[in-house]
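One file, entry_27.cif, carrying mmCIF, C-alpha atoms, pLDDT in the B column; chains and numbers go by the auth columns:
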data_coords
#
loop_
_atom_site.group_PDB
_atom_site.id
_atom_site.type_symbol
_atom_site.label_atom_id
_atom_site.label_comp_id
_atom_site.label_asym_id
_atom_site.label_seq_id
_atom_site.Cartn_x
_atom_site.Cartn_y
_atom_site.Cartn_z
_atom_site.B_iso_or_equiv
_atom_site.auth_seq_id
_atom_site.auth_asym_id
ATOM 1 C CA MET A 1 -14.109 -8.262 -1.758 91.00 24 A
ATOM 2 C CA ILE A 2 -17.452 -7.903 -3.549 95.00 25 A
ATOM 3 C CA GLU A 3 -19.987 -5.179 -2.904 96.00 26 A
ATOM 4 C CA LEU A 4 -23.166 -4.779 -4.939 96.00 27 A
ATOM 5 C CA ARG A 5 -25.160 -1.613 -4.288 95.00 28 A
ATOM 6 C CA ASN A 6 -28.695 -1.410 -5.649 96.00 29 A
ATOM 7 C CA ILE A 7 -27.763 -3.418 -8.760 95.00 30 A
ATOM 8 C CA THR A 8 -30.441 -3.603 -11.460 95.00 31 A
ATOM 9 C CA LYS A 9 -30.459 -5.324 -14.835 95.00 32 A
ATOM 10 C CA THR A 10 -33.095 -4.749 -17.491 94.00 33 A
ATOM 11 C CA TYR A 11 -33.264 -6.290 -20.968 88.00 34 A
ATOM 12 C CA ASN A 12 -35.249 -4.848 -23.853 86.00 35 A
ATOM 13 C CA LYS A 13 -37.048 -7.503 -25.856 79.00 36 A
ATOM 14 C CA ASP A 14 -38.580 -7.233 -29.315 74.00 37 A
ATOM 15 C CA GLY A 15 -41.421 -4.763 -29.386 70.00 38 A
ATOM 16 C CA GLY A 16 -39.804 -2.546 -26.761 75.00 39 A
ATOM 17 C CA VAL A 17 -40.890 -4.688 -23.810 84.00 40 A
ATOM 18 C CA GLU A 18 -38.618 -4.264 -20.783 87.00 41 A
ATOM 19 C CA VAL A 19 -37.773 -7.327 -18.704 88.00 42 A
ATOM 20 C CA LYS A 20 -36.411 -6.573 -15.238 90.00 43 A
ATOM 21 C CA VAL A 21 -34.071 -9.426 -14.314 92.00 44 A
ATOM 22 C CA LEU A 22 -32.378 -7.915 -11.256 94.00 45 A
ATOM 23 C CA GLN A 23 -34.240 -5.504 -9.016 93.00 46 A
ATOM 24 C CA GLY A 24 -32.107 -3.618 -6.520 93.00 47 A
ATOM 25 C CA ILE A 25 -29.549 -6.214 -5.364 95.00 48 A
ATOM 26 C CA ASN A 26 -27.562 -5.231 -2.274 95.00 49 A
ATOM 27 C CA LEU A 27 -24.934 -7.785 -1.320 95.00 50 A
ATOM 28 C CA THR A 28 -21.481 -7.970 0.264 96.00 51 A
ATOM 29 C CA ILE A 29 -19.186 -11.009 0.010 97.00 52 A
ATOM 30 C CA GLY A 30 -15.931 -11.012 1.953 96.00 53 A
ATOM 31 C CA ARG A 31 -12.571 -12.344 0.836 95.00 54 A
ATOM 32 C CA GLY A 32 -12.215 -16.074 1.437 95.00 55 A
ATOM 33 C CA GLU A 33 -15.922 -16.846 1.732 96.00 56 A
ATOM 34 C CA PHE A 34 -17.560 -19.950 0.228 97.00 57 A
ATOM 35 C CA VAL A 35 -20.994 -18.837 -0.983 97.00 58 A
ATOM 36 C CA SER A 36 -23.778 -20.501 -2.936 96.00 59 A
ATOM 37 C CA ILE A 37 -26.428 -18.521 -4.804 95.00 60 A
ATOM 38 C CA MET A 38 -29.563 -20.587 -5.076 92.00 61 A
ATOM 39 C CA ALA A 39 -32.753 -20.055 -7.099 86.00 62 A
ATOM 40 C CA PRO A 40 -34.955 -21.823 -9.633 82.00 63 A
ATOM 41 C CA SER A 41 -34.274 -21.187 -13.318 80.00 64 A
ATOM 42 C CA GLY A 42 -35.172 -17.731 -14.583 79.00 65 A
ATOM 43 C CA MET A 43 -34.884 -15.941 -11.239 82.00 66 A
ATOM 44 C CA GLY A 44 -31.751 -13.927 -12.016 87.00 67 A
ATOM 45 C CA LYS A 45 -28.963 -15.935 -10.375 87.00 68 A
ATOM 46 C CA SER A 46 -26.915 -16.456 -13.553 87.00 69 A
ATOM 47 C CA THR A 47 -27.344 -12.804 -14.526 91.00 70 A
ATOM 48 C CA MET A 48 -26.004 -11.785 -11.124 91.00 71 A
ATOM 49 C CA MET A 49 -23.107 -14.217 -11.549 91.00 72 A
ATOM 50 C CA ASN A 50 -22.271 -12.676 -14.935 92.00 73 A
ATOM 51 C CA ILE A 51 -22.200 -9.206 -13.382 93.00 74 A
ATOM 52 C CA ILE A 52 -20.018 -10.354 -10.482 94.00 75 A
ATOM 53 C CA GLY A 53 -17.704 -11.995 -13.034 94.00 76 A
ATOM 54 C CA CYS A 54 -17.466 -8.827 -15.165 93.00 77 A
ATOM 55 C CA LEU A 55 -19.014 -10.677 -18.111 91.00 78 A
ATOM 56 C CA ASP A 56 -21.979 -8.301 -18.153 90.00 79 A
ATOM 57 C CA GLN A 57 -22.708 -4.784 -16.975 92.00 80 A
ATOM 58 C CA PRO A 58 -25.606 -3.769 -14.719 93.00 81 A
ATOM 59 C CA THR A 59 -28.244 -1.350 -15.946 93.00 82 A
ATOM 60 C CA GLY A 60 -27.984 0.575 -12.698 94.00 83 A
ATOM 61 C CA GLY A 61 -26.232 0.560 -9.343 95.00 84 A
ATOM 62 C CA GLU A 62 -22.616 0.200 -8.238 95.00 85 A
ATOM 63 C CA TYR A 63 -20.332 -2.840 -8.213 95.00 86 A
ATOM 64 C CA LEU A 64 -17.096 -2.652 -6.234 95.00 87 A
ATOM 65 C CA LEU A 65 -14.551 -5.452 -6.676 95.00 88 A
ATOM 66 C CA ASP A 66 -11.626 -5.168 -4.250 92.00 89 A
ATOM 67 C CA GLY A 67 -12.741 -1.593 -3.654 91.00 90 A
ATOM 68 C CA ILE A 68 -12.653 -0.654 -7.349 91.00 91 A
ATOM 69 C CA GLU A 69 -15.827 0.456 -9.141 93.00 92 A
ATOM 70 C CA VAL A 70 -16.143 -1.830 -12.161 91.00 93 A
ATOM 71 C CA ALA A 71 -19.664 -0.988 -13.302 82.00 94 A
ATOM 72 C CA GLY A 72 -19.223 1.188 -16.369 81.00 95 A
ATOM 73 C CA MET A 73 -15.683 0.038 -17.228 88.00 96 A
ATOM 74 C CA ASN A 74 -14.873 -0.554 -20.895 89.00 97 A
ATOM 75 C CA ASP A 75 -14.439 -4.044 -22.360 89.00 98 A
ATOM 76 C CA ASP A 76 -10.627 -3.982 -22.279 89.00 99 A
ATOM 77 C CA ASP A 77 -10.509 -3.073 -18.598 89.00 100 A
ATOM 78 C CA LEU A 78 -13.110 -5.703 -17.730 90.00 101 A
ATOM 79 C CA SER A 79 -11.155 -8.313 -19.693 88.00 102 A
ATOM 80 C CA SER A 80 -8.001 -7.441 -17.764 87.00 103 A
ATOM 81 C CA ILE A 81 -9.813 -7.814 -14.434 90.00 104 A
ATOM 82 C CA ARG A 82 -11.251 -11.189 -15.477 89.00 105 A
ATOM 83 C CA ASN A 83 -7.838 -12.469 -16.539 85.00 106 A
ATOM 84 C CA LYS A 84 -6.090 -11.395 -13.333 86.00 107 A
ATOM 85 C CA LYS A 85 -8.681 -11.944 -10.619 92.00 108 A
ATOM 86 C CA ILE A 86 -11.406 -14.390 -11.698 94.00 109 A
ATOM 87 C CA GLY A 87 -11.600 -18.047 -12.696 94.00 110 A
ATOM 88 C CA PHE A 88 -14.791 -19.348 -14.315 94.00 111 A
ATOM 89 C CA VAL A 89 -16.339 -22.834 -14.263 95.00 112 A
ATOM 90 C CA PHE A 90 -19.484 -23.554 -16.288 90.00 113 A
ATOM 91 C CA GLN A 91 -22.032 -26.364 -16.366 88.00 114 A
ATOM 92 C CA SER A 92 -21.186 -27.371 -19.940 89.00 115 A
ATOM 93 C CA PHE A 93 -17.383 -27.478 -19.329 91.00 116 A
ATOM 94 C CA ASN A 94 -16.689 -25.355 -22.483 92.00 117 A
ATOM 95 C CA LEU A 95 -13.656 -27.427 -23.507 94.00 118 A
ATOM 96 C CA LEU A 96 -12.319 -27.420 -27.065 94.00 119 A
ATOM 97 C CA PRO A 97 -13.207 -30.887 -28.377 94.00 120 A
ATOM 98 C CA ARG A 98 -10.128 -31.799 -30.459 92.00 121 A
ATOM 99 C CA THR A 99 -7.656 -30.332 -28.000 95.00 122 A
ATOM 100 C CA THR A 100 -5.849 -32.103 -25.168 97.00 123 A
ATOM 101 C CA ALA A 101 -6.539 -31.423 -21.504 97.00 124 A
ATOM 102 C CA LEU A 102 -3.170 -29.674 -21.244 96.00 125 A
ATOM 103 C CA GLU A 103 -3.889 -27.445 -24.241 95.00 126 A
ATOM 104 C CA ASN A 104 -7.345 -26.543 -22.894 96.00 127 A
ATOM 105 C CA VAL A 105 -5.824 -25.469 -19.584 95.00 128 A
ATOM 106 C CA GLU A 106 -3.111 -23.450 -21.363 93.00 129 A
ATOM 107 C CA LEU A 107 -5.675 -21.233 -23.126 90.00 130 A
ATOM 108 C CA PRO A 108 -5.989 -18.450 -20.484 88.00 131 A
ATOM 109 C CA LEU A 109 -2.187 -18.127 -20.350 86.00 132 A
ATOM 110 C CA ILE A 110 -1.977 -17.203 -24.023 79.00 133 A
ATOM 111 C CA TYR A 111 -3.200 -13.728 -23.064 67.00 134 A
ATOM 112 C CA SER A 112 -0.840 -13.334 -20.127 65.00 135 A
ATOM 113 C CA PRO A 113 1.898 -10.740 -20.640 57.00 136 A
ATOM 114 C CA ASP A 114 4.234 -12.532 -18.256 61.00 137 A
ATOM 115 C CA ASP A 115 7.182 -14.548 -19.488 52.00 138 A
ATOM 116 C CA LEU A 116 6.349 -17.934 -17.996 66.00 139 A
ATOM 117 C CA ASP A 117 6.461 -21.620 -18.725 85.00 140 A
ATOM 118 C CA ILE A 118 2.907 -22.130 -19.951 88.00 141 A
ATOM 119 C CA LYS A 119 3.048 -25.929 -20.142 89.00 142 A
ATOM 120 C CA ALA A 120 4.490 -26.254 -16.634 91.00 143 A
ATOM 121 C CA LYS A 121 1.763 -24.047 -15.128 92.00 144 A
ATOM 122 C CA ALA A 122 -0.979 -25.903 -16.998 94.00 145 A
ATOM 123 C CA LYS A 123 0.392 -29.294 -15.921 95.00 146 A
ATOM 124 C CA SER A 124 0.601 -28.105 -12.312 95.00 147 A
ATOM 125 C CA ALA A 125 -3.058 -26.995 -12.437 95.00 148 A
ATOM 126 C CA LEU A 126 -4.119 -30.395 -13.781 96.00 149 A
ATOM 127 C CA GLU A 127 -2.148 -32.133 -11.056 96.00 150 A
ATOM 128 C CA ALA A 128 -3.935 -29.971 -8.473 94.00 151 A
ATOM 129 C CA VAL A 129 -7.280 -31.449 -9.568 95.00 152 A
ATOM 130 C CA GLY A 130 -5.956 -35.015 -9.744 94.00 153 A
ATOM 131 C CA LEU A 131 -5.496 -35.237 -13.529 96.00 154 A
ATOM 132 C CA GLY A 132 -1.729 -35.236 -13.857 94.00 155 A
ATOM 133 C CA ASP A 133 -1.971 -38.538 -15.742 95.00 156 A
ATOM 134 C CA ARG A 134 -4.549 -37.228 -18.250 95.00 157 A
ATOM 135 C CA VAL A 135 -2.682 -34.279 -19.764 95.00 158 A
ATOM 136 C CA GLY A 136 -2.678 -35.763 -23.276 96.00 159 A
ATOM 137 C CA HIS A 137 -6.318 -36.882 -23.315 97.00 160 A
ATOM 138 C CA GLN A 138 -8.971 -35.089 -25.360 97.00 161 A
ATOM 139 C CA PRO A 139 -12.400 -34.347 -23.832 96.00 162 A
ATOM 140 C CA SER A 140 -14.008 -37.291 -25.651 95.00 163 A
ATOM 141 C CA GLU A 141 -11.573 -39.587 -23.806 97.00 164 A
ATOM 142 C CA LEU A 142 -12.569 -38.245 -20.388 96.00 165 A
ATOM 143 C CA SER A 143 -15.617 -38.782 -18.188 95.00 166 A
ATOM 144 C CA GLY A 144 -17.933 -35.896 -17.380 95.00 167 A
ATOM 145 C CA GLY A 145 -16.366 -35.489 -13.958 95.00 168 A
ATOM 146 C CA GLN A 146 -12.873 -35.459 -15.448 96.00 169 A
ATOM 147 C CA GLN A 147 -13.914 -32.868 -18.032 96.00 170 A
ATOM 148 C CA GLN A 148 -15.224 -30.627 -15.273 96.00 171 A
ATOM 149 C CA ARG A 149 -11.951 -31.041 -13.400 96.00 172 A
ATOM 150 C CA VAL A 150 -10.092 -29.933 -16.538 97.00 173 A
ATOM 151 C CA ALA A 151 -12.374 -26.895 -16.591 96.00 174 A
ATOM 152 C CA ILE A 152 -11.534 -26.183 -12.939 97.00 175 A
ATOM 153 C CA ALA A 153 -7.812 -26.510 -13.713 97.00 176 A
ATOM 154 C CA ARG A 154 -8.261 -23.998 -16.535 95.00 177 A
ATOM 155 C CA ALA A 155 -9.987 -21.636 -14.083 95.00 178 A
ATOM 156 C CA LEU A 156 -7.052 -21.997 -11.660 94.00 179 A
ATOM 157 C CA VAL A 157 -4.148 -21.626 -14.050 93.00 180 A
ATOM 158 C CA ASN A 158 -3.886 -17.829 -13.657 89.00 181 A
ATOM 159 C CA ASP A 159 -4.045 -18.191 -9.847 91.00 182 A
ATOM 160 C CA PRO A 160 -7.219 -16.098 -9.397 94.00 183 A
ATOM 161 C CA THR A 161 -8.446 -14.983 -5.998 94.00 184 A
ATOM 162 C CA LEU A 162 -12.104 -15.465 -7.006 96.00 185 A
ATOM 163 C CA ILE A 163 -13.671 -18.646 -8.437 97.00 186 A
ATOM 164 C CA LEU A 164 -17.150 -18.386 -9.988 96.00 187 A
ATOM 165 C CA ALA A 165 -18.964 -21.625 -10.811 95.00 188 A
ATOM 166 C CA ASP A 166 -22.311 -21.628 -12.646 92.00 189 A
ATOM 167 C CA GLU A 167 -24.181 -24.932 -12.042 92.00 190 A
ATOM 168 C CA PRO A 168 -20.843 -26.819 -11.924 93.00 191 A
ATOM 169 C CA THR A 169 -22.476 -30.160 -11.040 93.00 192 A
ATOM 170 C CA GLY A 170 -25.477 -29.825 -13.348 90.00 193 A
ATOM 171 C CA ASN A 171 -24.171 -32.332 -15.928 90.00 194 A
ATOM 172 C CA LEU A 172 -22.581 -34.769 -13.466 93.00 195 A
ATOM 173 C CA ASP A 173 -23.626 -37.937 -11.677 93.00 196 A
ATOM 174 C CA SER A 174 -23.623 -38.073 -7.880 92.00 197 A
ATOM 175 C CA ALA A 175 -20.103 -39.493 -7.496 93.00 198 A
ATOM 176 C CA SER A 176 -18.569 -36.968 -9.892 93.00 199 A
ATOM 177 C CA SER A 177 -20.486 -34.152 -8.204 94.00 200 A
ATOM 178 C CA GLN A 178 -18.960 -35.091 -4.856 94.00 201 A
ATOM 179 C CA GLU A 179 -15.457 -35.114 -6.380 93.00 202 A
ATOM 180 C CA VAL A 180 -15.963 -31.675 -7.904 94.00 203 A
ATOM 181 C CA MET A 181 -17.406 -30.201 -4.712 95.00 204 A
ATOM 182 C CA ALA A 182 -14.439 -31.568 -2.757 95.00 205 A
ATOM 183 C CA ILE A 183 -12.162 -29.557 -5.055 95.00 206 A
ATOM 184 C CA PHE A 184 -14.158 -26.369 -4.459 96.00 207 A
ATOM 185 C CA LYS A 185 -13.954 -26.937 -0.708 95.00 208 A
ATOM 186 C CA LYS A 186 -10.180 -27.325 -0.947 94.00 209 A
ATOM 187 C CA LEU A 187 -9.895 -24.132 -2.998 94.00 210 A
ATOM 188 C CA HIS A 188 -11.850 -22.352 -0.281 95.00 211 A
ATOM 189 C CA LEU A 189 -9.603 -23.765 2.433 94.00 212 A
ATOM 190 C CA ASP A 190 -6.599 -22.574 0.429 93.00 213 A
ATOM 191 C CA GLY A 191 -7.901 -19.028 0.814 94.00 214 A
ATOM 192 C CA ARG A 192 -9.810 -18.393 -2.400 95.00 215 A
ATOM 193 C CA THR A 193 -13.255 -16.840 -2.540 97.00 216 A
ATOM 194 C CA VAL A 194 -15.651 -19.367 -4.101 97.00 217 A
ATOM 195 C CA ILE A 195 -19.118 -18.453 -5.367 97.00 218 A
ATOM 196 C CA LEU A 196 -21.288 -21.065 -7.007 94.00 219 A
ATOM 197 C CA VAL A 197 -24.711 -20.829 -8.585 93.00 220 A
ATOM 198 C CA THR A 198 -26.970 -23.845 -8.214 92.00 221 A
ATOM 199 C CA HIS A 199 -30.571 -24.943 -8.002 88.00 222 A
ATOM 200 C CA GLU A 200 -29.609 -28.127 -6.122 89.00 223 A
ATOM 201 C CA PRO A 201 -30.148 -27.892 -2.328 92.00 224 A
ATOM 202 C CA GLU A 202 -27.593 -30.631 -1.586 92.00 225 A
ATOM 203 C CA VAL A 203 -24.928 -28.701 -3.497 92.00 226 A
ATOM 204 C CA ALA A 204 -25.821 -25.332 -1.966 93.00 227 A
ATOM 205 C CA ALA A 205 -25.696 -26.854 1.523 93.00 228 A
ATOM 206 C CA GLN A 206 -21.961 -27.529 1.168 93.00 229 A
ATOM 207 C CA ALA A 207 -21.158 -23.807 1.161 96.00 230 A
ATOM 208 C CA ASP A 208 -20.726 -21.742 4.324 95.00 231 A
ATOM 209 C CA ARG A 209 -23.331 -19.221 3.198 96.00 232 A
ATOM 210 C CA ILE A 210 -26.491 -19.669 1.120 96.00 233 A
ATOM 211 C CA ILE A 211 -28.052 -16.704 -0.689 96.00 234 A
ATOM 212 C CA ARG A 212 -31.511 -17.377 -2.093 95.00 235 A
ATOM 213 C CA MET A 213 -33.042 -15.359 -4.910 92.00 236 A
ATOM 214 C CA LYS A 214 -36.541 -14.986 -6.274 90.00 237 A
ATOM 215 C CA ASP A 215 -37.840 -12.674 -8.990 90.00 238 A
ATOM 216 C CA GLY A 216 -34.523 -10.874 -9.295 91.00 239 A
ATOM 217 C CA GLN A 217 -34.166 -10.108 -5.592 93.00 240 A
ATOM 218 C CA VAL A 218 -32.305 -11.569 -2.631 94.00 241 A
ATOM 219 C CA VAL A 219 -34.924 -13.077 -0.345 94.00 242 A
ATOM 220 C CA SER A 220 -32.663 -14.722 2.247 95.00 243 A
ATOM 221 C CA ASP A 221 -29.015 -14.819 3.269 95.00 244 A
ATOM 222 C CA GLU A 222 -28.103 -17.683 5.585 94.00 245 A
ATOM 223 C CA ARG A 223 -24.711 -18.196 7.192 91.00 246 A
ATOM 224 C CA ARG A 224 -24.198 -21.797 8.188 81.00 247 A
ATOM 225 C CA ALA A 225 -22.249 -23.009 11.205 68.00 248 A
ATOM 226 C CA ASN A 226 -19.017 -24.783 10.290 57.00 249 A
#

As a first step, turn the structure in this file into structure tokens.
Amino acid sequence: MIELRNITKTYNKDGGVEVKVLQGINLTIGRGEFVSIMAPSGMGKSTMMNIIGCLDQPTGGEYLLDGIEVAGMNDDDLSSIRNKKIGFVFQSFNLLPRTTALENVELPLIYSPDDLDIKAKAKSALEAVGLGDRVGHQPSELSGGQQQRVAIARALVNDPTLILADEPTGNLDSASSQEVMAIFKKLHLDGRTVILVTHEPEVAAQADRIIRMKDGQVVSDERRAN
């Protein structure tokens, strides 16, 4: 499903200084895999996640998603791919504060060209993460774990084949983290490809495959026995 070929990413800072964040990444991830990308802060894992999620473009190399070269696509084409294929979950939840859980989950559907019942799809996504009784609650009325589950429901509402989660348990206590990871495991069992970025070994260990990065490079790729 995902193939990265010699992917590089360089940023130019003030004064013309080049910072090489990714240095020749070669990586293949198959459809239906559950993968964690693990590294300390500043080692390039979030940059790689942004490239995989079509939120950023590499400086060099090729990126094939479902066999289609996406590196070099324009913003409109990348936006279309994100909307159809990818669901995003972030550490900070990114929920609108004075908006109900249902309305937050409806947001990705606003851009869908299909004639569909938006509220019914959003409610179904919330029910899938165990929040069918919280549709009218605003984020301030929900716990951290519940807010992250709303964010997961929002990622699911367009029925993407790929779920990308960037430090999804970083703002959660242990019990909430376990609840959220159980949802990701179920999504994987349902056939979705799940890729999560983390610096927490206990979170990474719950995936079937652990990719470790250092200094913008993949230093190990471990497949775990089920």

Point-to-point distance from CA of Pro120 in chain A to CA of Gly193 in chain A, Å rounded to tenths: 19.4 Å

Protein/DNA/RNA residues near (-31.7, -9.5, -10.3), cut 8 Å, all atoms listed in the file, as a list in words: Ile30, Thr31, Lys32, Lys43, Val44, Leu45, Gln46, Gly47, Ile48, Met66, Gly67, Lys68, Thr70, Met71, Asp238, Gly239, Gln240 and Val241 of chain A

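When all atoms listed in the file are used to measure the gap to Gln229 in chain A, the shortest distance among A:Val128, A:Val58, A:Ser199, A:Gln80 belongs to A:Val58.
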
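Here, the PyMOL selection byres ((chain A and resi 155-161) around 10) matches Leu118, Leu119, Pro120, Arg121, Thr122, Thr123, Ala124, Leu125, Glu126, Asn127, Val128, Ala145, Lys146, Ser147, Ala148, Leu149, Glu150, Ala151, Val152, Gly153, Leu154, Pro162, Ser163, Glu164, Leu165, Gln169, Gln170 and Val173 of chain A.
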
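Considering only C-alpha atoms, the residue among A:Val217, A:Val242, A:Leu212, A:Ile60 positioned nearest to Val112 in chain A is A:Val217.
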
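Closest to Ile218 in chain A among A:Ser59, A:Ser102, A:Asn181, A:Gln201 is A:Ser59, based on only C-alpha atoms.
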
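Atom pair CA of Val93 in chain A / CA of Met24 in chain A: separated by 12.4 Å.
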
Using all atoms listed in the file, find each residue in range 66-181 of chain A having at least one atom no more than 10 Å away from range 50-53 of chain A; report its shortest atom-to-atom pair and that distance in Å (one decimal), rows by chain then rising number, as CSV.
residue,atom,partner,partner_atom,distance
A:Tyr86,CA,A:Leu50,CA,9.7
A:Leu87,CA,A:Thr51,CA,9.5
A:Leu88,CA,A:Ile52,CA,9.9
A:Asp89,CA,A:Gly53,CA,9.5

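In this model, the gap between CA of Ala188 in chain A and CA of Met236 in chain A comes to 16.5 Å.
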
A:Met96, A:Leu210, A:Leu185, A:Leu132 ranked by distance to Pro81 in chain A, top pick (using all atoms listed in the file): A:Met96

Polymer residues at most 10 Å from range 195-198 of chain A, all atoms listed in the file, same-chain spacing of 5 or more positions, as a ChimeraX atom specification: /A:114-115,166-171,203

Need the axis-aligned box for range 24-31 of chain A with 8 Å each side, so what are the centre and edges in Å to one decimal, as lines of an AutoDock Vina configuration file?
center_x = -22.3
center_y = -4.8
center_z = -6.6
size_x = 32.3
size_y = 22.9
size_z = 25.7

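Considering the residues A:Glu129, A:Glu225, A:Glu85, A:Asp37 and counting all atoms listed in the file, Ala143 in chain A has its shortest atom-to-atom contact with A:Glu129.
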
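Take the candidates A:Phe111, A:Phe207, A:Phe116, A:Tyr34 and check each one against Glu56 in chain A using all atoms listed in the file; the shortest distance goes to A:Phe207.
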
Residues in the PyMOL selection byres ((chain A and resi 226) around 9), expressed as a list in words: Ser59, Thr192, Ser200, Gln201, Met204, Thr221, His222, Glu223, Pro224, Glu225, Ala227, Ala228, Gln229 and Ala230 of chain A

Could the residues in this selection be written to a file with C-alpha atoms, as a PDB file, in the coordinates of the input?
ATOM      1  CA  SER A  59     -23.778 -20.501  -2.936  1.00 96.00           C
ATOM      2  CA  THR A 192     -22.476 -30.160 -11.040  1.00 93.00           C
ATOM      3  CA  SER A 200     -20.486 -34.152  -8.204  1.00 94.00           C
ATOM      4  CA  GLN A 201     -18.960 -35.091  -4.856  1.00 94.00           C
ATOM      5  CA  MET A 204     -17.406 -30.201  -4.712  1.00 95.00           C
ATOM      6  CA  THR A 221     -26.970 -23.845  -8.214  1.00 92.00           C
ATOM      7  CA  HIS A 222     -30.571 -24.943  -8.002  1.00 88.00           C
ATOM      8  CA  GLU A 223     -29.609 -28.127  -6.122  1.00 89.00           C
ATOM      9  CA  PRO A 224     -30.148 -27.892  -2.328  1.00 92.00           C
ATOM     10  CA  GLU A 225     -27.593 -30.631  -1.586  1.00 92.00           C
ATOM     11  CA  ALA A 227     -25.821 -25.332  -1.966  1.00 93.00           C
ATOM     12  CA  ALA A 228     -25.696 -26.854   1.523  1.00 93.00           C
ATOM     13  CA  GLN A 229     -21.961 -27.529   1.168  1.00 93.00           C
ATOM     14  CA  ALA A 230     -21.158 -23.807   1.161  1.00 96.00           C
TER      15      ALA A 230
END

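Residues in contact with Asp98 in chain A at 12 Å, where only C-alpha atoms are counted and same-chain residues fewer than 6 positions away are skipped, are listed as A:Cys77, A:Leu78, A:Asp79, A:Gln80, A:Ile104, A:Arg105.
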
Based on the selection just made, write C-alpha atoms of those residues as a tab-separated table (two decimals), keeping the file's coordinate frame.
chain	number	residue	atom	x	y	z
A	77	CYS	CA	-17.47	-8.83	-15.16
A	78	LEU	CA	-19.01	-10.68	-18.11
A	79	ASP	CA	-21.98	-8.30	-18.15
A	80	GLN	CA	-22.71	-4.78	-16.98
A	104	ILE	CA	-9.81	-7.81	-14.43
A	105	ARG	CA	-11.25	-11.19	-15.48

Missing atoms in range 152-164 of chain A should be modelled up to N, CA and C atoms and reported as a PDB file, in the coordinates of the input.
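Result file out_13.pdb:
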ATOM      1  N   VAL A 152      -5.927 -30.892  -9.557  1.00 95.00           N
ATOM      2  CA  VAL A 152      -7.280 -31.449  -9.568  1.00 95.00           C
ATOM      3  C   VAL A 152      -7.250 -32.960  -9.820  1.00 95.00           C
ATOM      4  N   GLY A 153      -6.078 -33.566  -9.657  1.00 94.00           N
ATOM      5  CA  GLY A 153      -5.956 -35.015  -9.744  1.00 94.00           C
ATOM      6  C   GLY A 153      -5.930 -35.586 -11.146  1.00 94.00           C
ATOM      7  N   LEU A 154      -5.515 -34.766 -12.138  1.00 96.00           N
ATOM      8  CA  LEU A 154      -5.496 -35.237 -13.529  1.00 96.00           C
ATOM      9  C   LEU A 154      -4.109 -35.139 -14.147  1.00 96.00           C
ATOM     10  N   GLY A 155      -3.081 -35.291 -13.338  1.00 94.00           N
ATOM     11  CA  GLY A 155      -1.729 -35.236 -13.857  1.00 94.00           C
ATOM     12  C   GLY A 155      -1.415 -36.335 -14.854  1.00 94.00           C
ATOM     13  N   ASP A 156      -2.194 -37.425 -14.809  1.00 95.00           N
ATOM     14  CA  ASP A 156      -1.971 -38.538 -15.742  1.00 95.00           C
ATOM     15  C   ASP A 156      -2.903 -38.474 -16.950  1.00 95.00           C
ATOM     16  N   ARG A 157      -3.605 -37.351 -17.124  1.00 95.00           N
ATOM     17  CA  ARG A 157      -4.549 -37.228 -18.250  1.00 95.00           C
ATOM     18  C   ARG A 157      -4.227 -36.017 -19.137  1.00 95.00           C
ATOM     19  N   VAL A 158      -3.010 -35.525 -19.062  1.00 95.00           N
ATOM     20  CA  VAL A 158      -2.682 -34.279 -19.764  1.00 95.00           C
ATOM     21  C   VAL A 158      -2.840 -34.395 -21.276  1.00 95.00           C
ATOM     22  N   GLY A 159      -2.615 -35.590 -21.830  1.00 96.00           N
ATOM     23  CA  GLY A 159      -2.678 -35.763 -23.276  1.00 96.00           C
ATOM     24  C   GLY A 159      -4.014 -36.245 -23.792  1.00 96.00           C
ATOM     25  N   HIS A 160      -5.015 -36.387 -22.911  1.00 97.00           N
ATOM     26  CA  HIS A 160      -6.318 -36.882 -23.315  1.00 97.00           C
ATOM     27  C   HIS A 160      -7.206 -35.746 -23.829  1.00 97.00           C
ATOM     28  N   GLN A 161      -7.975 -36.029 -24.860  1.00 97.00           N
ATOM     29  CA  GLN A 161      -8.971 -35.089 -25.360  1.00 97.00           C
ATOM     30  C   GLN A 161     -10.271 -35.261 -24.578  1.00 97.00           C
ATOM     31  N   PRO A 162     -11.163 -34.254 -24.598  1.00 96.00           N
ATOM     32  CA  PRO A 162     -12.400 -34.347 -23.832  1.00 96.00           C
ATOM     33  C   PRO A 162     -13.204 -35.617 -24.092  1.00 96.00           C
ATOM     34  N   SER A 163     -13.240 -36.085 -25.325  1.00 95.00           N
ATOM     35  CA  SER A 163     -14.008 -37.291 -25.651  1.00 95.00           C
ATOM     36  C   SER A 163     -13.451 -38.535 -24.967  1.00 95.00           C
ATOM     37  N   GLU A 164     -12.214 -38.458 -24.485  1.00 97.00           N
ATOM     38  CA  GLU A 164     -11.573 -39.587 -23.806  1.00 97.00           C
ATOM     39  C   GLU A 164     -11.683 -39.469 -22.286  1.00 97.00           C
TER      40      GLU A 164
END
